[in-house]
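Colleague: Below is one structure. I have some questions about it.
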Amino acid sequence: MTTKEVLSRFALETLEFKRRFGDNKWAPDASCADEQGILLAGGSSDICSSTFGASASCPDGQTCSSQYRNLFGYMNYEGDPYDGQCSFFEAGKYALPEWLGWFIICVLGLFFAALTSFMVWYNNKKQHIDSNSNSEHFTTGGRAIPAGLTAADVVSKWTWAATLLQSSNVAYSYGVSGPFWYAAGATIQVLLFSILAVEIKRKCPAIHTVLEVILVRWGTAAHMVFLFFCLSTNLIVTGMLILGGAAAVEALTGVSTYASCFLIPIGVAIYTAFGGLKGTYYASWTHTCIIYIALLTFLWKVYAGPSDLGSAKKVWENLNMAAIKNPSVTNTDGSYITMFSEGGMVFGVINIIGNFGTVFVDQSYWQGAIACRPSATWKGYLLGGMAWSAPCLASCLLLP
């Protein structure tokens, strides 16, 4: 089907839809999907058999009335429609068994702690280094981290829960402009920080924290102010990462969020206590590998592999159809494949300004500048800043 034919079909369906139901986008039996996934107004297939406003039992035991229906006629994993439900998955059930959640948190957490500790031990043995010989090496990684590990560390510590979740929300609201502004608005700060990283190596190569620079340069008053902001940033970011992981595990398996919040940091504490700052670099490398492998797999599944979509053409057709049935109010012509989005622009400005604070007062970025080799400083941060945008854009184009 050519682009002209698709748009003509969409126009005809929209006219018929408005003729029958006016502006009520969620009218009963307003749309059905044929075998190719294209909406047909007023169809009567089993996909559209659910009643408008059908009540669905939510996982928390409450009953909610959902007016939303799947526009594309897709089914859940069991082959049933999920119109009128609160979730893609069947109400009251989880996608994965609970024992698997405990396995991921406890067994895999300890496995990664052991793997990271072994990598640190092997590297120190190969270089004839005792990581616990002094606190200087323990807290700075020997100030000899190469550019590749620095870039992997930047990608890992800048990939927050919001990177995979909030970025998808803005993609759902603003179309392709949302992922662009999320990635661009959070990459600028890391690229600019590479300049500060070079200056750290030039002017104060022996420091351990950014607060040491503040104290020497501006005195005690400024030191106390930045101490408050740095501690606040670390507490907020740490809480968000732990809660984001715990919430994801709870949503998929049903494992208690409270238990996850206590158990997830244990593995991190083990390899950090053993390997110091260098241990976090090897852990970041493993995290980054897992992130890229997962996203490449999902990209292939959605845009090329066997799935309900399976091609960029199908994705494009569905986005055009969604713009007609449920247009974005801030985008030109309600389209989800345009960069002319007022909401996306506003979000981009807010994102750019806000992320300066989360980078420049986050001690982890300064530790990266302190720990890496002088020749690898700017390379690591430039490479990491550019590489980070890939997971962000990929998750935005997959999850919505």
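Going by the structure tokens order, chains are called A, B, ..., each with residues numbered from 1, while ligands are numbered from 1 in the order shown.
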List the spatial neighbours of Val170 in chain A as a VMD selection string - criterion: any atom at most 10 Å away, only C-alpha atoms, same-chain residues fewer than 2 positions off excluded.
Modeller: chain A and resid 165 to 168 172 to 182 343 to 344 347 396 400
Colleague: Output all heavy atoms of each residue in that selection to a file, as a short mmCIF file (atom, residue, chain, number, x, y, z; two decimals), in the first residue's frame.
Modeller:
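Output file out31.cif is given in full below:
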data_model
loop_
_atom_site.label_atom_id
_atom_site.label_comp_id
_atom_site.auth_asym_id
_atom_site.auth_seq_id
_atom_site.Cartn_x
_atom_site.Cartn_y
_atom_site.Cartn_z
N LEU A 165 11.74 5.46 31.21
CA LEU A 165 10.32 5.59 31.51
C LEU A 165 9.77 6.95 31.12
O LEU A 165 8.82 7.07 30.35
CB LEU A 165 10.08 5.31 33.00
CG LEU A 165 10.54 3.93 33.50
CD1 LEU A 165 10.32 3.79 34.99
CD2 LEU A 165 9.84 2.82 32.74
N GLN A 166 10.36 8.02 31.66
CA GLN A 166 9.87 9.36 31.34
C GLN A 166 10.08 9.71 29.87
O GLN A 166 9.25 10.38 29.25
CB GLN A 166 10.56 10.39 32.24
CG GLN A 166 10.23 11.85 31.93
CD GLN A 166 8.74 12.16 32.05
OE1 GLN A 166 8.00 11.43 32.69
NE2 GLN A 166 8.30 13.24 31.43
N SER A 167 11.18 9.25 29.30
CA SER A 167 11.42 9.51 27.88
C SER A 167 10.33 8.89 27.02
O SER A 167 9.93 9.44 25.99
CB SER A 167 12.79 8.97 27.48
OG SER A 167 12.87 7.58 27.71
N SER A 168 9.83 7.72 27.43
CA SER A 168 8.74 7.10 26.68
C SER A 168 7.44 7.87 26.86
O SER A 168 6.61 7.91 25.95
CB SER A 168 8.56 5.65 27.16
OG SER A 168 9.75 4.92 26.96
N TYR A 172 5.20 9.41 23.88
CA TYR A 172 3.77 9.13 23.74
C TYR A 172 2.97 10.42 23.60
O TYR A 172 1.97 10.45 22.88
CB TYR A 172 3.30 8.36 24.97
CG TYR A 172 1.88 7.85 24.88
CD1 TYR A 172 1.60 6.64 24.27
CD2 TYR A 172 0.82 8.58 25.39
CE1 TYR A 172 0.30 6.15 24.18
CE2 TYR A 172 -0.47 8.12 25.31
CZ TYR A 172 -0.74 6.91 24.71
OH TYR A 172 -2.01 6.46 24.63
N SER A 173 3.43 11.48 24.24
CA SER A 173 2.69 12.75 24.22
C SER A 173 3.04 13.62 23.02
O SER A 173 2.16 14.24 22.43
CB SER A 173 2.95 13.53 25.51
OG SER A 173 2.56 12.80 26.64
N TYR A 174 4.33 13.68 22.67
CA TYR A 174 4.78 14.64 21.65
C TYR A 174 5.34 13.97 20.40
O TYR A 174 5.84 14.67 19.51
CB TYR A 174 5.85 15.56 22.24
CG TYR A 174 5.46 16.18 23.55
CD1 TYR A 174 6.27 16.07 24.68
CD2 TYR A 174 4.27 16.89 23.67
CE1 TYR A 174 5.90 16.65 25.88
CE2 TYR A 174 3.89 17.46 24.88
CZ TYR A 174 4.72 17.33 25.98
OH TYR A 174 4.34 17.89 27.18
N GLY A 175 5.28 12.66 20.30
CA GLY A 175 5.80 11.99 19.11
C GLY A 175 7.32 11.99 19.08
O GLY A 175 7.98 11.98 20.11
N VAL A 176 7.88 12.04 17.87
CA VAL A 176 9.33 11.93 17.72
C VAL A 176 10.06 13.13 18.30
O VAL A 176 11.26 13.04 18.61
CB VAL A 176 9.71 11.76 16.24
CG1 VAL A 176 9.19 10.45 15.71
CG2 VAL A 176 9.22 12.93 15.41
N SER A 177 9.41 14.27 18.46
CA SER A 177 10.08 15.42 19.05
C SER A 177 10.40 15.19 20.52
O SER A 177 11.38 15.73 21.04
CB SER A 177 9.21 16.68 18.89
OG SER A 177 8.04 16.59 19.68
N GLY A 178 9.58 14.39 21.22
CA GLY A 178 9.84 14.10 22.63
C GLY A 178 11.16 13.39 22.85
O GLY A 178 11.99 13.85 23.64
N PRO A 179 11.42 12.26 22.16
CA PRO A 179 12.72 11.59 22.30
C PRO A 179 13.89 12.47 21.92
O PRO A 179 14.94 12.43 22.56
CB PRO A 179 12.60 10.40 21.35
CG PRO A 179 11.15 10.16 21.22
CD PRO A 179 10.47 11.47 21.37
N PHE A 180 13.73 13.27 20.86
CA PHE A 180 14.83 14.13 20.44
C PHE A 180 15.20 15.12 21.53
O PHE A 180 16.38 15.27 21.89
CB PHE A 180 14.47 14.86 19.15
CG PHE A 180 15.48 15.92 18.77
CD1 PHE A 180 16.65 15.57 18.12
CD2 PHE A 180 15.26 17.26 19.09
CE1 PHE A 180 17.58 16.54 17.78
CE2 PHE A 180 16.19 18.22 18.76
CZ PHE A 180 17.36 17.87 18.10
N TRP A 181 14.21 15.82 22.07
CA TRP A 181 14.49 16.83 23.08
C TRP A 181 14.94 16.20 24.39
O TRP A 181 15.70 16.82 25.15
CB TRP A 181 13.28 17.72 23.30
CG TRP A 181 13.07 18.69 22.18
CD1 TRP A 181 12.04 18.73 21.29
CD2 TRP A 181 13.94 19.78 21.83
NE1 TRP A 181 12.22 19.75 20.40
CE2 TRP A 181 13.38 20.42 20.71
CE3 TRP A 181 15.14 20.26 22.37
CZ2 TRP A 181 13.97 21.52 20.12
CZ3 TRP A 181 15.73 21.36 21.76
CH2 TRP A 181 15.14 21.98 20.66
N TYR A 182 14.49 15.00 24.70
CA TYR A 182 14.97 14.35 25.91
C TYR A 182 16.45 13.99 25.76
O TYR A 182 17.24 14.23 26.67
CB TYR A 182 14.15 13.08 26.19
CG TYR A 182 14.37 12.56 27.58
CD1 TYR A 182 13.48 12.85 28.60
CD2 TYR A 182 15.48 11.77 27.88
CE1 TYR A 182 13.69 12.38 29.89
CE2 TYR A 182 15.70 11.30 29.16
CZ TYR A 182 14.79 11.60 30.16
OH TYR A 182 15.02 11.14 31.43
N GLY A 343 4.65 21.52 22.67
CA GLY A 343 4.91 20.83 23.92
C GLY A 343 6.31 20.25 23.98
O GLY A 343 6.96 20.28 25.03
N GLY A 344 6.78 19.71 22.85
CA GLY A 344 8.13 19.17 22.81
C GLY A 344 9.19 20.24 23.01
O GLY A 344 10.19 20.02 23.70
N PHE A 347 9.19 21.23 26.72
CA PHE A 347 9.86 20.19 27.48
C PHE A 347 11.37 20.23 27.26
O PHE A 347 12.15 20.02 28.19
CB PHE A 347 9.32 18.82 27.09
CG PHE A 347 10.12 17.68 27.67
CD1 PHE A 347 9.97 17.32 28.99
CD2 PHE A 347 11.02 16.99 26.87
CE1 PHE A 347 10.72 16.28 29.52
CE2 PHE A 347 11.76 15.95 27.39
CZ PHE A 347 11.61 15.59 28.72
N CYS A 396 12.66 5.31 23.64
CA CYS A 396 11.52 6.17 23.27
C CYS A 396 10.80 5.60 22.05
O CYS A 396 9.58 5.68 21.96
CB CYS A 396 12.01 7.58 22.96
SG CYS A 396 12.62 8.48 24.38
N PRO A 400 6.60 3.26 23.77
CA PRO A 400 5.25 3.75 23.57
C PRO A 400 4.43 2.83 22.68
O PRO A 400 3.24 2.73 22.83
CB PRO A 400 5.46 5.11 22.92
CG PRO A 400 6.82 5.54 23.31
CD PRO A 400 7.60 4.28 23.36
#
Colleague: Residues at most 8 Å from Phe226 in chain A, counting only C-alpha atoms, excluding those fewer than 5 positions away in the same chain, as an NGL selection string?
Modeller: :A and (211 or 214 or 361)
Colleague: Which is closest to Ala247 in chain A among A:Gln367, A:Thr332, A:Asn234, A:Ser260, if we use only C-alpha atoms?
Modeller: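 Checking each of A:Gln367, A:Thr332, A:Asn234, A:Ser260 against Ala247 in chain A, counting only C-alpha atoms, the winner is A:Ser260.
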Colleague: Just give me the gap between CA of Ile291 in chain A and CA of Ile270 in chain A in Å, one decimal is fine.
Modeller: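 The value is 21.8 Å.
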